[in-house]
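This is input.txt. It holds compact mmCIF, C-alpha atoms and all ligand atoms.
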# COMPACT_ATOMS: atom_id res chain seq x y z
CA MET A 1391 29.42 100.68 102.43
CA LYS A 1392 25.78 101.59 101.99
CA ARG A 1393 23.85 101.56 105.23
CA GLU A 1394 20.60 100.52 103.48
CA ASP A 1395 22.26 97.35 102.16
CA PHE A 1396 23.03 95.99 105.60
CA GLN A 1397 20.38 97.56 107.80
CA ALA A 1398 18.03 94.61 107.63
CA SER A 1399 20.77 91.98 107.69
CA ALA A 1400 19.97 88.73 109.47
CA THR A 1401 23.65 87.93 110.01
CA GLY A 1402 24.91 91.06 111.73
CA SER A 1403 24.22 94.58 112.90
CA LEU A 1404 25.60 98.04 112.15
CA VAL A 1405 27.54 100.09 114.66
CA PRO A 1406 28.96 103.59 114.18
CA THR A 1407 32.71 103.93 113.67
CA GLU A 1408 34.86 106.56 115.41
CA ARG A 1409 34.57 108.77 112.33
CA GLY A 1410 30.81 108.47 111.91
CA GLN A 1411 30.69 105.76 109.24
CA TRP A 1412 28.92 102.42 109.68
CA ALA A 1413 30.63 99.12 110.40
CA PHE A 1414 29.18 95.61 110.19
CA VAL A 1415 29.41 93.36 113.25
CA PRO A 1416 28.58 89.71 112.52
CA ILE A 1417 26.35 87.74 114.91
CA PRO A 1418 28.28 84.87 116.56
CA LEU A 1419 28.14 81.47 114.86
CA PRO A 1420 26.24 79.26 114.21
CA PRO A 1421 23.59 80.70 111.86
CA ALA A 1422 20.06 80.65 113.25
CA MET A 1423 18.86 78.43 110.41
CA LEU A 1424 20.33 76.50 107.50
CA ASP A 1425 18.51 74.88 104.61
CA HIS A 1426 20.23 71.49 104.89
CA ALA A 1427 18.36 70.07 101.90
CA ARG A 1428 20.28 72.47 99.64
CA LEU A 1429 23.59 71.42 101.17
CA SER A 1430 23.29 67.66 101.13
CA LYS A 1431 24.40 66.89 97.56
CA PRO A 1432 27.44 69.20 97.50
CA LEU A 1433 28.32 67.98 100.98
CA SER A 1434 28.37 64.34 99.98
CA GLU A 1435 30.40 65.04 96.80
CA THR A 1436 32.96 66.96 98.79
CA ALA A 1437 33.10 64.37 101.56
CA GLU A 1438 33.73 61.71 98.92
CA ALA A 1439 36.62 63.61 97.32
CA ILE A 1440 38.13 64.27 100.73
CA GLY A 1441 37.69 60.60 101.63
CA GLU A 1442 39.72 59.66 98.57
CA LEU A 1443 42.39 62.19 99.50
CA ASN A 1444 42.51 60.76 103.02
CA GLY A 1445 43.06 57.33 101.50
CA ILE A 1446 46.18 58.72 99.86
CA GLY A 1447 47.19 60.42 103.10
CA ARG A 1448 46.92 57.12 104.94
CA THR A 1449 49.04 55.09 102.52
CA ILE A 1450 51.67 57.50 101.22
CA PRO A 1451 55.01 56.61 102.89
CA ASN A 1452 56.29 60.18 102.94
CA PRO A 1453 53.38 62.66 102.94
CA TYR A 1454 55.71 65.66 102.52
CA LEU A 1455 56.19 64.68 98.90
CA LEU A 1456 52.66 65.87 98.48
CA ILE A 1457 52.30 68.38 101.30
CA ARG A 1458 55.15 70.64 100.17
CA PRO A 1459 54.04 71.07 96.54
CA LEU A 1460 50.47 71.67 97.67
CA GLN A 1461 51.59 74.26 100.18
CA ARG A 1462 53.67 76.01 97.52
CA ARG A 1463 50.66 76.28 95.25
CA GLU A 1464 48.61 77.47 98.19
CA VAL A 1465 50.92 80.28 99.22
CA ILE A 1466 51.53 81.41 95.65
CA SER A 1467 47.82 81.61 94.78
CA SER A 1468 46.78 83.04 98.12
CA SER A 1469 49.43 85.75 97.86
CA SER A 1470 48.60 86.50 94.26
CA MET A 1471 44.99 87.17 95.24
CA GLU A 1472 46.37 89.86 97.54
CA GLY A 1473 48.70 91.43 94.97
CA THR A 1474 51.95 89.68 95.94
CA PHE A 1475 53.37 87.77 93.01
CA THR A 1476 55.90 85.01 92.54
CA THR A 1477 56.27 81.72 90.64
CA VAL A 1478 56.93 78.13 91.68
CA ASP A 1479 60.41 78.38 90.12
CA ALA A 1480 61.29 81.52 92.04
CA LEU A 1481 59.91 80.11 95.29
CA VAL A 1482 61.74 76.80 94.95
CA LEU A 1483 65.03 78.59 94.24
CA ALA A 1484 64.41 80.91 97.19
CA GLU A 1485 63.85 77.89 99.45
CA ALA A 1486 67.18 76.44 98.37
CA SER A 1487 69.06 79.67 99.05
CA ASP A 1488 67.15 80.98 102.10
CA GLY A 1489 65.70 83.85 100.15
CA ASP A 1490 69.02 85.23 98.92
CA ARG A 1491 68.68 87.23 95.71
CA SER A 1492 64.90 86.86 95.85
CA THR A 1493 62.50 89.70 95.18
CA PRO A 1494 60.61 91.19 98.15
CA ASP A 1495 57.42 89.51 96.91
CA THR A 1496 59.09 86.09 96.80
CA ARG A 1497 60.47 86.59 100.29
CA GLU A 1498 57.02 87.42 101.57
CA VAL A 1499 55.71 84.21 100.00
CA LEU A 1500 58.60 82.30 101.57
CA ASN A 1501 57.55 83.74 104.94
CA TYR A 1502 54.07 82.47 104.19
CA MET A 1503 55.42 78.93 103.59
CA GLU A 1504 57.17 79.10 106.93
CA ALA A 1505 54.13 80.51 108.74
CA LEU A 1506 51.89 77.81 107.29
CA SER A 1507 54.09 74.84 108.11
CA ALA A 1508 54.89 76.17 111.59
CA ALA A 1509 51.19 76.69 112.35
CA ILE A 1510 50.34 73.16 111.25
CA ALA A 1511 53.24 71.71 113.23
CA SER A 1512 52.14 73.66 116.32
CA LEU A 1513 48.88 71.70 116.43
CA ASP A 1514 50.83 68.66 117.64
CA LYS A 1515 51.64 70.54 120.83
CA LEU A 1516 49.11 73.33 121.30
CA PRO A 1517 45.42 73.78 120.62
CA LEU A 1518 44.38 75.92 117.66
CA SER A 1519 43.80 79.37 119.13
CA LEU A 1520 43.92 83.08 118.36
CA ARG A 1521 47.53 82.86 119.45
CA THR A 1522 48.23 80.38 116.62
CA LEU A 1523 46.84 82.92 114.15
CA ARG A 1524 48.75 85.86 115.61
CA ASP A 1525 51.98 83.89 115.46
CA ALA A 1526 51.27 82.96 111.85
CA HIS A 1527 50.57 86.62 111.06
CA ALA A 1528 53.83 87.66 112.71
CA THR A 1529 55.86 85.25 110.59
CA LEU A 1530 53.95 86.05 107.41
CA LEU A 1531 54.47 89.80 107.63
CA ARG A 1532 57.83 90.03 109.32
CA GLN A 1533 60.17 92.36 107.44
CA VAL A 1534 57.74 93.09 104.66
CA ARG A 1535 58.33 96.07 102.45
CA ARG A 1536 57.73 99.34 104.24
CA ASP A 1537 55.14 100.63 101.80
CA ARG A 1538 52.90 97.69 102.60
CA GLY A 1539 53.92 96.64 106.07
CA ALA A 1540 54.41 100.07 107.62
CA ASN A 1541 51.23 100.15 109.70
CA VAL A 1542 50.54 96.45 109.81
CA ARG A 1543 52.06 95.51 113.17
CA PRO A 1544 52.90 91.85 112.53
CA GLY A 1545 51.28 89.54 115.07
CA GLU A 1546 48.87 92.13 116.48
CA PHE A 1547 45.19 92.67 115.96
CA LYS A 1548 44.01 95.93 114.45
CA GLN A 1549 43.97 99.09 116.51
CA HIS A 1550 42.24 101.22 113.93
CA GLN A 1551 39.12 100.86 111.86
CA ASN A 1552 39.85 99.05 108.59
CA TYR A 1553 37.76 98.64 105.46
CA ILE A 1554 37.71 96.58 102.28
CA GLY A 1555 37.68 97.36 98.60
CA ALA A 1556 38.66 101.05 98.37
CA TYR A 1557 41.28 103.52 99.45
CA GLU A 1558 38.82 105.64 101.42
CA ILE A 1559 36.35 104.37 103.96
CA GLU A 1560 33.54 106.40 102.33
CA LYS A 1561 33.87 104.30 99.17
CA ALA A 1562 34.56 100.95 100.83
CA ARG A 1563 32.49 97.98 99.71
CA PHE A 1564 32.55 96.59 103.19
CA VAL A 1565 33.46 97.95 106.62
CA PRO A 1566 34.27 95.23 109.19
CA PRO A 1567 33.81 95.65 112.96
CA PRO A 1568 35.73 98.33 114.87
CA PRO A 1569 38.74 97.05 116.89
CA ARG A 1570 36.88 96.53 120.18
CA GLU A 1571 33.92 94.71 118.64
CA ALA A 1572 36.34 92.68 116.52
CA LEU A 1573 38.00 91.33 119.67
CA GLU A 1574 34.63 90.28 121.09
CA CYS A 1575 33.77 88.57 117.81
CA LEU A 1576 37.14 86.79 117.82
CA ASP A 1577 36.66 85.45 121.33
CA ALA A 1578 33.27 84.10 120.31
CA LEU A 1579 34.81 82.57 117.18
CA GLU A 1580 37.56 80.89 119.19
CA ARG A 1581 34.96 79.39 121.53
CA TYR A 1582 32.94 78.24 118.54
CA ILE A 1583 35.95 76.52 116.96
CA HIS A 1584 36.48 74.57 120.19
CA ARG A 1585 32.88 73.77 121.05
CA ASP A 1586 31.90 70.15 121.52
CA GLU A 1587 30.62 68.28 118.47
CA ASP A 1588 27.02 69.29 117.87
CA GLY A 1589 26.18 67.40 114.71
CA LEU A 1590 26.99 70.19 112.28
CA ASP A 1591 29.35 68.78 109.64
CA THR A 1592 32.95 69.97 109.99
CA LEU A 1593 33.11 70.81 106.27
CA ILE A 1594 30.14 73.15 106.62
CA ASP A 1595 31.76 74.52 109.73
CA ALA A 1596 34.88 75.35 107.73
CA ALA A 1597 32.77 77.54 105.44
CA LEU A 1598 31.14 79.29 108.40
CA ILE A 1599 34.42 79.89 110.17
CA HIS A 1600 36.14 81.28 107.08
CA TYR A 1601 33.32 83.72 106.41
CA GLN A 1602 33.28 84.78 110.04
CA PHE A 1603 37.02 85.35 110.21
CA GLU A 1604 37.12 87.38 106.99
CA THR A 1605 34.11 89.41 108.06
CA ILE A 1606 35.74 90.22 111.40
CA HIS A 1607 38.89 91.19 109.48
CA PRO A 1608 40.92 91.27 112.72
CA PHE A 1609 44.27 92.41 111.32
CA ALA A 1610 45.20 95.63 109.54
CA ASP A 1611 46.43 93.47 106.62
CA GLY A 1612 46.95 89.78 105.96
CA ASN A 1613 43.38 88.73 106.79
CA GLY A 1614 42.88 86.83 103.55
CA ARG A 1615 46.06 84.83 103.92
CA VAL A 1616 45.71 84.09 107.63
CA GLY A 1617 42.02 83.24 107.17
CA ARG A 1618 42.91 80.73 104.46
CA MET A 1619 45.50 79.18 106.79
CA LEU A 1620 42.75 78.82 109.38
CA ILE A 1621 40.82 76.55 106.98
CA ILE A 1622 43.49 73.84 106.89
CA LEU A 1623 44.28 74.27 110.59
CA HIS A 1624 40.67 73.74 111.57
CA LEU A 1625 40.14 70.75 109.27
CA TYR A 1626 43.34 69.12 110.44
CA MET A 1627 42.64 69.81 114.10
CA ARG A 1628 39.17 68.25 113.73
CA ARG A 1629 40.77 65.20 112.06
CA LYS A 1630 38.78 65.69 108.88
CA LEU A 1631 42.13 65.32 107.16
CA ILE A 1632 44.57 62.55 107.99
CA GLN A 1633 47.38 64.66 106.58
CA PRO A 1634 47.34 68.41 105.83
CA LEU A 1635 46.62 67.90 102.12
CA LEU A 1636 43.72 70.22 101.32
CA TYR A 1637 44.42 73.80 100.24
CA LEU A 1638 41.79 75.96 98.60
CA SER A 1639 43.56 79.06 97.29
CA PRO A 1640 44.27 77.93 93.69
CA VAL A 1641 40.55 77.30 93.20
CA PHE A 1642 39.55 80.45 95.10
CA GLU A 1643 41.92 82.41 92.90
CA ALA A 1644 40.29 81.07 89.75
CA ARG A 1645 36.88 82.16 91.14
CA LYS A 1646 37.98 85.21 93.03
CA ASP A 1647 35.03 87.49 92.24
CA GLU A 1648 32.52 84.87 93.26
CA TYR A 1649 34.51 84.17 96.43
CA ILE A 1650 34.18 87.79 97.53
CA ASP A 1651 30.62 88.28 96.27
CA ARG A 1652 29.40 85.19 98.12
CA MET A 1653 30.82 86.38 101.42
CA MET A 1654 29.33 89.80 100.82
CA ALA A 1655 25.95 88.17 100.17
CA VAL A 1656 26.03 86.47 103.57
CA SER A 1657 26.47 89.84 105.28
CA ARG A 1658 23.99 91.70 103.11
CA ASP A 1659 21.30 89.16 102.28
CA GLY A 1660 21.88 86.42 104.84
CA ASP A 1661 22.63 83.97 102.02
CA TRP A 1662 24.47 81.33 104.01
CA GLU A 1663 23.57 78.47 101.72
CA GLY A 1664 24.94 80.19 98.59
CA TRP A 1665 28.27 80.68 100.33
CA ILE A 1666 28.41 77.20 101.84
CA VAL A 1667 27.63 75.47 98.53
CA PHE A 1668 30.30 77.55 96.81
CA PHE A 1669 32.82 76.74 99.55
CA LEU A 1670 32.02 73.02 99.43
CA ASN A 1671 32.51 72.99 95.67
CA VAL A 1672 35.85 74.74 96.06
CA MET A 1673 36.87 72.08 98.60
CA ARG A 1674 35.76 69.29 96.29
CA ASP A 1675 37.68 70.66 93.31
CA SER A 1676 40.75 71.32 95.46
CA ALA A 1677 40.68 67.74 96.76
CA ARG A 1678 40.44 66.46 93.19
CA GLN A 1679 43.42 68.56 92.11
CA ALA A 1680 45.43 67.18 95.03
CA ILE A 1681 44.53 63.64 93.94
CA VAL A 1682 45.72 64.35 90.38
CA LEU A 1683 48.97 65.71 91.77
CA ALA A 1684 49.42 62.62 93.94
CA ASP A 1685 48.93 60.41 90.87
CA ASN A 1686 51.45 62.40 88.83
CA ILE A 1687 54.01 62.35 91.60
CA GLY A 1688 53.52 58.62 92.10
CA ALA A 1689 54.01 57.95 88.38
CA LEU A 1690 57.22 59.98 88.15
CA GLN A 1691 58.57 58.37 91.31
CA LYS A 1692 57.98 54.95 89.81
CA ASN A 1693 59.76 56.01 86.62
CA TYR A 1694 62.78 57.24 88.62
CA ARG A 1695 62.82 54.08 90.71
CA GLU A 1696 63.03 51.98 87.56
CA ARG A 1697 65.77 54.15 86.08
CA LEU A 1698 67.90 54.12 89.21
CA GLN A 1699 67.43 50.65 90.58
CA ARG A 1700 70.42 49.22 88.75
CA ALA A 1701 72.79 52.07 89.68
CA ARG A 1702 75.36 51.66 92.45
CA ASN A 1703 74.10 52.92 95.81
CA SER A 1704 70.60 52.96 94.44
CA ALA A 1705 69.06 53.09 97.93
CA ASN A 1706 70.68 56.45 98.66
CA LEU A 1707 69.93 57.71 95.16
CA LEU A 1708 66.28 56.92 95.69
CA LEU A 1709 66.34 58.81 98.97
CA ALA A 1710 67.94 61.71 97.12
CA VAL A 1711 65.13 61.63 94.58
CA GLU A 1712 62.56 61.54 97.35
CA TYR A 1713 64.18 64.66 98.77
CA LEU A 1714 63.87 66.31 95.35
CA PHE A 1715 60.12 65.83 95.39
CA GLU A 1716 60.02 67.83 98.61
CA ARG A 1717 62.69 70.32 97.56
CA PRO A 1718 63.21 70.38 93.80
CA ALA A 1719 66.21 72.74 94.08
CA ILE A 1720 69.17 71.60 96.16
CA THR A 1721 72.81 72.20 96.88
CA VAL A 1722 75.35 69.43 97.46
CA THR A 1723 75.47 70.48 101.11
CA SER A 1724 71.72 70.25 101.57
CA LEU A 1725 71.73 66.74 100.12
CA MET A 1726 74.68 65.81 102.31
CA ASN A 1727 72.76 66.94 105.40
CA ARG A 1728 69.57 65.24 104.37
CA LEU A 1729 71.22 61.87 103.67
CA GLY A 1730 73.78 62.10 106.45
CA VAL A 1731 76.64 61.23 104.07
CA SER A 1732 79.99 62.87 103.31
CA TYR A 1733 80.29 65.78 100.91
CA PRO A 1734 82.07 63.71 98.23
CA ALA A 1735 79.35 61.06 98.46
CA ALA A 1736 76.61 63.69 98.08
CA LYS A 1737 78.51 65.19 95.15
CA ALA A 1738 78.71 61.77 93.50
CA TYR A 1739 74.93 61.33 93.81
CA VAL A 1740 74.36 64.74 92.27
CA ASP A 1741 76.62 63.71 89.37
CA VAL A 1742 74.58 60.58 88.74
CA LEU A 1743 71.35 62.58 88.84
CA LEU A 1744 72.83 65.11 86.40
CA ARG A 1745 73.82 62.29 84.03
CA GLU A 1746 70.30 60.87 84.26
CA ASN A 1747 68.87 64.33 83.50
CA ILE A 1748 66.93 64.18 86.74
CA LEU A 1749 68.86 67.29 87.81
CA VAL A 1750 70.23 70.24 85.86
CA GLU A 1751 72.56 72.92 87.06
CA VAL A 1752 70.90 76.30 87.57
CA PRO A 1753 72.80 78.70 85.27
CA GLY A 1754 74.60 81.56 86.96
CA THR A 1755 74.77 80.02 90.46
CA SER A 1756 78.00 79.37 92.33
CA ASN A 1757 79.01 79.23 95.99
CA PRO A 1758 76.87 77.29 96.32
CA LYS A 1759 75.77 75.90 92.99
CA LEU A 1760 72.07 75.14 92.79
CA PHE A 1761 70.64 72.09 91.06
CA LEU A 1762 67.06 71.85 89.87
CA ALA A 1763 64.80 68.90 89.01
CA PRO A 1764 62.92 70.05 85.87
CA GLU A 1765 60.55 67.11 85.49
CA ILE A 1766 59.47 67.41 89.10
CA MET A 1767 59.08 71.17 88.65
CA LYS A 1768 56.81 70.60 85.70
CA ILE A 1769 54.49 68.34 87.68
CA ILE A 1770 54.27 70.51 90.76
CA SER A 1771 53.83 73.77 88.84
CA GLY A 1772 50.65 73.00 86.90
CA SER A 1773 48.06 74.44 89.25
CA GLN A 1774 44.93 73.63 87.26
CA ASP A 1775 46.11 70.27 85.88
N1 LIG B 1 33.03 91.73 101.48
C1 LIG B 1 33.86 90.94 102.13
N2 LIG B 1 33.44 90.32 103.25
C2 LIG B 1 34.27 89.52 103.95
N3 LIG B 1 35.53 89.28 103.58
C3 LIG B 1 36.01 89.87 102.48
C4 LIG B 1 35.20 90.73 101.71
N4 LIG B 1 35.94 91.17 100.67
C5 LIG B 1 37.16 90.61 100.80
N5 LIG B 1 37.22 89.81 101.88
C6 LIG B 1 38.37 89.04 102.37
O1 LIG B 1 39.44 89.93 102.63
C7 LIG B 1 40.65 89.42 102.10
C8 LIG B 1 41.65 90.54 101.87
O2 LIG B 1 42.00 91.09 103.12
P1 LIG B 1 43.48 91.57 103.48
O3 LIG B 1 43.56 91.96 104.92
O4 LIG B 1 43.96 92.56 102.49
O5 LIG B 1 44.26 90.19 103.34
P2 LIG B 1 45.70 89.99 102.73
O6 LIG B 1 46.74 90.99 103.07
O7 LIG B 1 46.05 88.58 103.04
O8 LIG B 1 45.45 90.54 101.50
C9 LIG B 1 40.19 88.67 100.87
O9 LIG B 1 41.10 87.68 100.45
C10 LIG B 1 38.89 88.04 101.34
O10 LIG B 1 39.13 86.83 102.01
MG MG B 2 46.12 92.79 101.76

Render the structure in this file as structure tokens.
Ligand SMILES: Nc1ncnc2c1ncn2[C@@H]1O[C@H](COP(=O)(O)OP(=O)(O)O)[C@@H](O)[C@H]1O
Ligand SMILES: [Mg+2]
Amino acid sequence: MKREDFQASATGSLVPTERGQWAFVPIPLPPAMLDHARLSKPLSETAEAIGELNGIGRTIPNPYLLIRPLQRREVISSSSMEGTFTTVDALVLAEASDGDRSTPDTREVLNYMEALSAAIASLDKLPLSLRTLRDAHATLLRQVRRDRGANVRPGEFKQHQNYIGAYEIEKARFVPPPPREALECLDALERYIHRDEDGLDTLIDAALIHYQFETIHPFADGNGRVGRMLIILHLYMRRKLIQPLLYLSPVFEARKDEYIDRMMAVSRDGDWEGWIVFFLNVMRDSARQAIVLADNIGALQKNYRERLQRARNSANLLLAVEYLFERPAITVTSLMNRLGVSYPAAKAYVDVLLRENILVEVPGTSNPKLFLAPEIMKIISGSQD
């Protein structure tokens, strides 16, 4: 990190690290000044898209039909940005078999799914806090491969200086605050997240908070993924979202270089507006993608309803199909548990769904056999629609 680039920064100051490099310490939020005129058009476009998404959130009978596929896309894209790769197919099969036979990468992404849904669920009982984020980090990075997780300390903030964008600190693009300063920054950020409403729009706030969290870089690893969880947690906590339906990683992934450059430009040049406009546009496009997904899911559900309405026990079959939208790979036992029916009854429903080509058997699985819903998979996989 070049000292000259950050020396005159309006958004932070430089402090020496233990080894004589320079680290950037961001000034607590909010920014001293924002050019609101530049933000108003992107803000209203984004608010409109989110309003439409909230309309869906308000009327959809079972929001998990939409929440689960969106979360899968989120964790896959967010992980892929950090060099951990899996596919929707692999993740769905891992969910159905508790990670058995999955690759280490897929298991890490499965952890991420769990961390994300647990963090969101925790907001019903506890306020959003640093503790929420440390718990999420612990779940995300538990039992990760040694070569990556060795010095990560799941659930704990950093104890050593970290840096971004190189293998040696001398060549790093960016050096975040040292551990002690990072803790001070985090406390200020936590207070900021919980401050009373002050007229600043929550969507703009989301952009500020994400930048601040990433710039603090509080963990040894996992900062990108935990910081992207914080976005949905904050929006949901502030009731900007009726249901947790807005996830930004697929769009961030498609614009990854700009994502990083824009955060860098806040630290270096004080360009808050450039970052906020970018972030708002990412939110808008993400909301639109979620709306398209909701439409596609609704259409396929209607199609299945028509196909199954004349079958015997159609009410239970429709519940089985609803389950498939949440979990497109199942076993007979998982369906039995979900519907609260006997094993033979669950088996009979699976047979009907196989005959209707709504399910297919996953080749090579036994004890238990896995069944997959290919049409549902097709809809939930397309990340760019
Ligand atoms: N110059 C920068 N300023 C602030 N944040 C950055 C910068 N460059 C990258 N980041 C953030 O750091 C994240 C990567 O940090 P890392 O701890 O490796 O997270 P993960 O393990 O989830 O990969 C990126 O996804 C991005 O959000
Ligand atoms: Mg990483």

Could you give me the residues within 10 Å of ligand MG 2 (chain B), counting all atoms listed in the file, as a compact mmCIF listing (two decimals) with C-alpha atoms, in the coordinates of the input?
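pocket14.txt written:
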# COMPACT_ATOMS: atom_id res chain seq x y z
CA SER A 1469 49.43 85.75 97.86
CA MET A 1471 44.99 87.17 95.24
CA GLU A 1472 46.37 89.86 97.54
CA GLY A 1473 48.70 91.43 94.97
CA THR A 1474 51.95 89.68 95.94
CA ARG A 1538 52.90 97.69 102.60
CA GLY A 1539 53.92 96.64 106.07
CA VAL A 1542 50.54 96.45 109.81
CA ILE A 1554 37.71 96.58 102.28
CA PHE A 1609 44.27 92.41 111.32
CA ALA A 1610 45.20 95.63 109.54
CA ASP A 1611 46.43 93.47 106.62
CA GLY A 1612 46.95 89.78 105.96
CA ASN A 1613 43.38 88.73 106.79
CA GLY A 1614 42.88 86.83 103.55
CA ARG A 1615 46.06 84.83 103.92

Neighbourhood of ligand LIG 1 (chain B) at 9 Å, counting all atoms listed in the file, reported as JSON, numbers by chain: {"A": [1468, 1469, 1470, 1471, 1472, 1473, 1474, 1552, 1553, 1554, 1555, 1563, 1564, 1565, 1566, 1600, 1601, 1602, 1603, 1604, 1605, 1606, 1607, 1608, 1609, 1610, 1611, 1612, 1613, 1614, 1615, 1616, 1617, 1618, 1646, 1649, 1650, 1651, 1652, 1653, 1654, 1655, 1656, 1657]}

Coordinates-based distance that separates CA of Glu1663 in chain A from CA of Ala1427 in chain A (Å, one decimal): 9.9 Å

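Using only C-alpha atoms, the shortest contact distance between Asp1488 in chain A and any of A:Tyr1733, A:Leu1429, A:Ser1724, A:Arg1658 is found at A:Ser1724.
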
CA of Arg1524 in chain A to CA of Glu1546 in chain A, straight-line distance in Å: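 So the answer is 6.3 Å.
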
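Using all atoms listed in the file, the smallest distance between any of A:Leu1419, A:Ala1763, A:Ala1736, A:Leu1460 and Arg1581 in chain A comes from A:Leu1419.
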
Long-range neighbours of range 1687-1703 of chain A as a PyMOL selection string, 10 Å cut-off, all atoms listed in the file, 5 positions minimum in chain: chain A and resi 1450+1455-1456+1681-1682+1708+1711-1712+1715+1739+1742-1743+1746+1748+1765-1766+1769-1770

For CA of Glu1394 in chain A and CA of Gln1549 in chain A, the interatomic separation in Å (one decimal):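 Here the two named atoms are 26.8 Å from each other.
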
Residues proximal to (35.3, 107.7, 116.2) were defined as those with any atom within 12 Å of that point in the file's coordinates, counting all atoms listed in the file. Which are they, as a PDB file with C-alpha atoms, keeping the file's coordinate frame?
ATOM      1  CA  VAL A1405      27.540 100.090 114.660  1.00  0.00           C
ATOM      2  CA  PRO A1406      28.960 103.590 114.180  1.00  0.00           C
ATOM      3  CA  THR A1407      32.710 103.930 113.670  1.00  0.00           C
ATOM      4  CA  GLU A1408      34.860 106.560 115.410  1.00  0.00           C
ATOM      5  CA  ARG A1409      34.570 108.770 112.330  1.00  0.00           C
ATOM      6  CA  GLY A1410      30.810 108.470 111.910  1.00  0.00           C
ATOM      7  CA  GLN A1411      30.690 105.760 109.240  1.00  0.00           C
ATOM      8  CA  TRP A1412      28.920 102.420 109.680  1.00  0.00           C
ATOM      9  CA  ALA A1413      30.630  99.120 110.400  1.00  0.00           C
ATOM     10  CA  HIS A1550      42.240 101.220 113.930  1.00  0.00           C
ATOM     11  CA  GLN A1551      39.120 100.860 111.860  1.00  0.00           C
ATOM     12  CA  PRO A1568      35.730  98.330 114.870  1.00  0.00           C
ATOM     13  CA  PRO A1569      38.740  97.050 116.890  1.00  0.00           C
ATOM     14  CA  ARG A1570      36.880  96.530 120.180  1.00  0.00           C
TER      15      ARG A1570
END

Considering only C-alpha atoms, tabulate each residue of range 1626-1701 of chain A that lies at most 9 Å from range 1437-1446 of chain A along with its nearest interatomic pair and the corresponding distance in Å to one decimal; arrange the rows by chain and ascending residue number and present them as JSON lines.
{"residue": "A:Lys1630", "atom": "CA", "partner": "A:Ile1440", "partner_atom": "CA", "distance": 8.3}
{"residue": "A:Leu1631", "atom": "CA", "partner": "A:Asn1444", "partner_atom": "CA", "distance": 6.2}
{"residue": "A:Ile1632", "atom": "CA", "partner": "A:Asn1444", "partner_atom": "CA", "distance": 5.7}
{"residue": "A:Gln1633", "atom": "CA", "partner": "A:Asn1444", "partner_atom": "CA", "distance": 7.2}
{"residue": "A:Leu1635", "atom": "CA", "partner": "A:Leu1443", "partner_atom": "CA", "distance": 7.6}
{"residue": "A:Leu1636", "atom": "CA", "partner": "A:Ile1440", "partner_atom": "CA", "distance": 8.2}
{"residue": "A:Leu1670", "atom": "CA", "partner": "A:Ala1437", "partner_atom": "CA", "distance": 9.0}
{"residue": "A:Met1673", "atom": "CA", "partner": "A:Ile1440", "partner_atom": "CA", "distance": 8.2}
{"residue": "A:Arg1674", "atom": "CA", "partner": "A:Ala1439", "partner_atom": "CA", "distance": 5.8}
{"residue": "A:Asp1675", "atom": "CA", "partner": "A:Ala1439", "partner_atom": "CA", "distance": 8.2}
{"residue": "A:Ser1676", "atom": "CA", "partner": "A:Ala1439", "partner_atom": "CA", "distance": 8.9}
{"residue": "A:Ala1677", "atom": "CA", "partner": "A:Ala1439", "partner_atom": "CA", "distance": 5.8}
{"residue": "A:Arg1678", "atom": "CA", "partner": "A:Ala1439", "partner_atom": "CA", "distance": 6.3}
{"residue": "A:Ala1680", "atom": "CA", "partner": "A:Leu1443", "partner_atom": "CA", "distance": 7.4}
{"residue": "A:Ile1681", "atom": "CA", "partner": "A:Leu1443", "partner_atom": "CA", "distance": 6.1}
{"residue": "A:Ala1684", "atom": "CA", "partner": "A:Ile1446", "partner_atom": "CA", "distance": 7.8}

Keeping C-alpha atoms, export the residues of the selection given above as a PDB file, in the coordinates of the input.
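Produced file out_37.pdb, reproduced below:
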ATOM      1  CA  LYS A1630      38.780  65.690 108.880  1.00  0.00           C
ATOM      2  CA  LEU A1631      42.130  65.320 107.160  1.00  0.00           C
ATOM      3  CA  ILE A1632      44.570  62.550 107.990  1.00  0.00           C
ATOM      4  CA  GLN A1633      47.380  64.660 106.580  1.00  0.00           C
ATOM      5  CA  LEU A1635      46.620  67.900 102.120  1.00  0.00           C
ATOM      6  CA  LEU A1636      43.720  70.220 101.320  1.00  0.00           C
ATOM      7  CA  LEU A1670      32.020  73.020  99.430  1.00  0.00           C
ATOM      8  CA  MET A1673      36.870  72.080  98.600  1.00  0.00           C
ATOM      9  CA  ARG A1674      35.760  69.290  96.290  1.00  0.00           C
ATOM     10  CA  ASP A1675      37.680  70.660  93.310  1.00  0.00           C
ATOM     11  CA  SER A1676      40.750  71.320  95.460  1.00  0.00           C
ATOM     12  CA  ALA A1677      40.680  67.740  96.760  1.00  0.00           C
ATOM     13  CA  ARG A1678      40.440  66.460  93.190  1.00  0.00           C
ATOM     14  CA  ALA A1680      45.430  67.180  95.030  1.00  0.00           C
ATOM     15  CA  ILE A1681      44.530  63.640  93.940  1.00  0.00           C
ATOM     16  CA  ALA A1684      49.420  62.620  93.940  1.00  0.00           C
TER      17      ALA A1684
END

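Shortest separation to Lys1737 in chain A among A:Gly1754, A:Tyr1454, A:Lys1759, A:Asp1395 occurs at residue A:Lys1759, atoms counted being only C-alpha atoms.
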
From A:Glu1571, A:Asp1490, A:Glu1643, A:Asp1586, residue lying nearest Thr1755 in chain A [all atoms listed in the file]: A:Asp1490

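Of the residues under consideration (A:Pro1459, A:Gly1447, A:Gly1402, A:Pro1420), A:Pro1459 shows the shortest atom-to-atom contact distance to Gly1772 in chain A when counting all atoms listed in the file.
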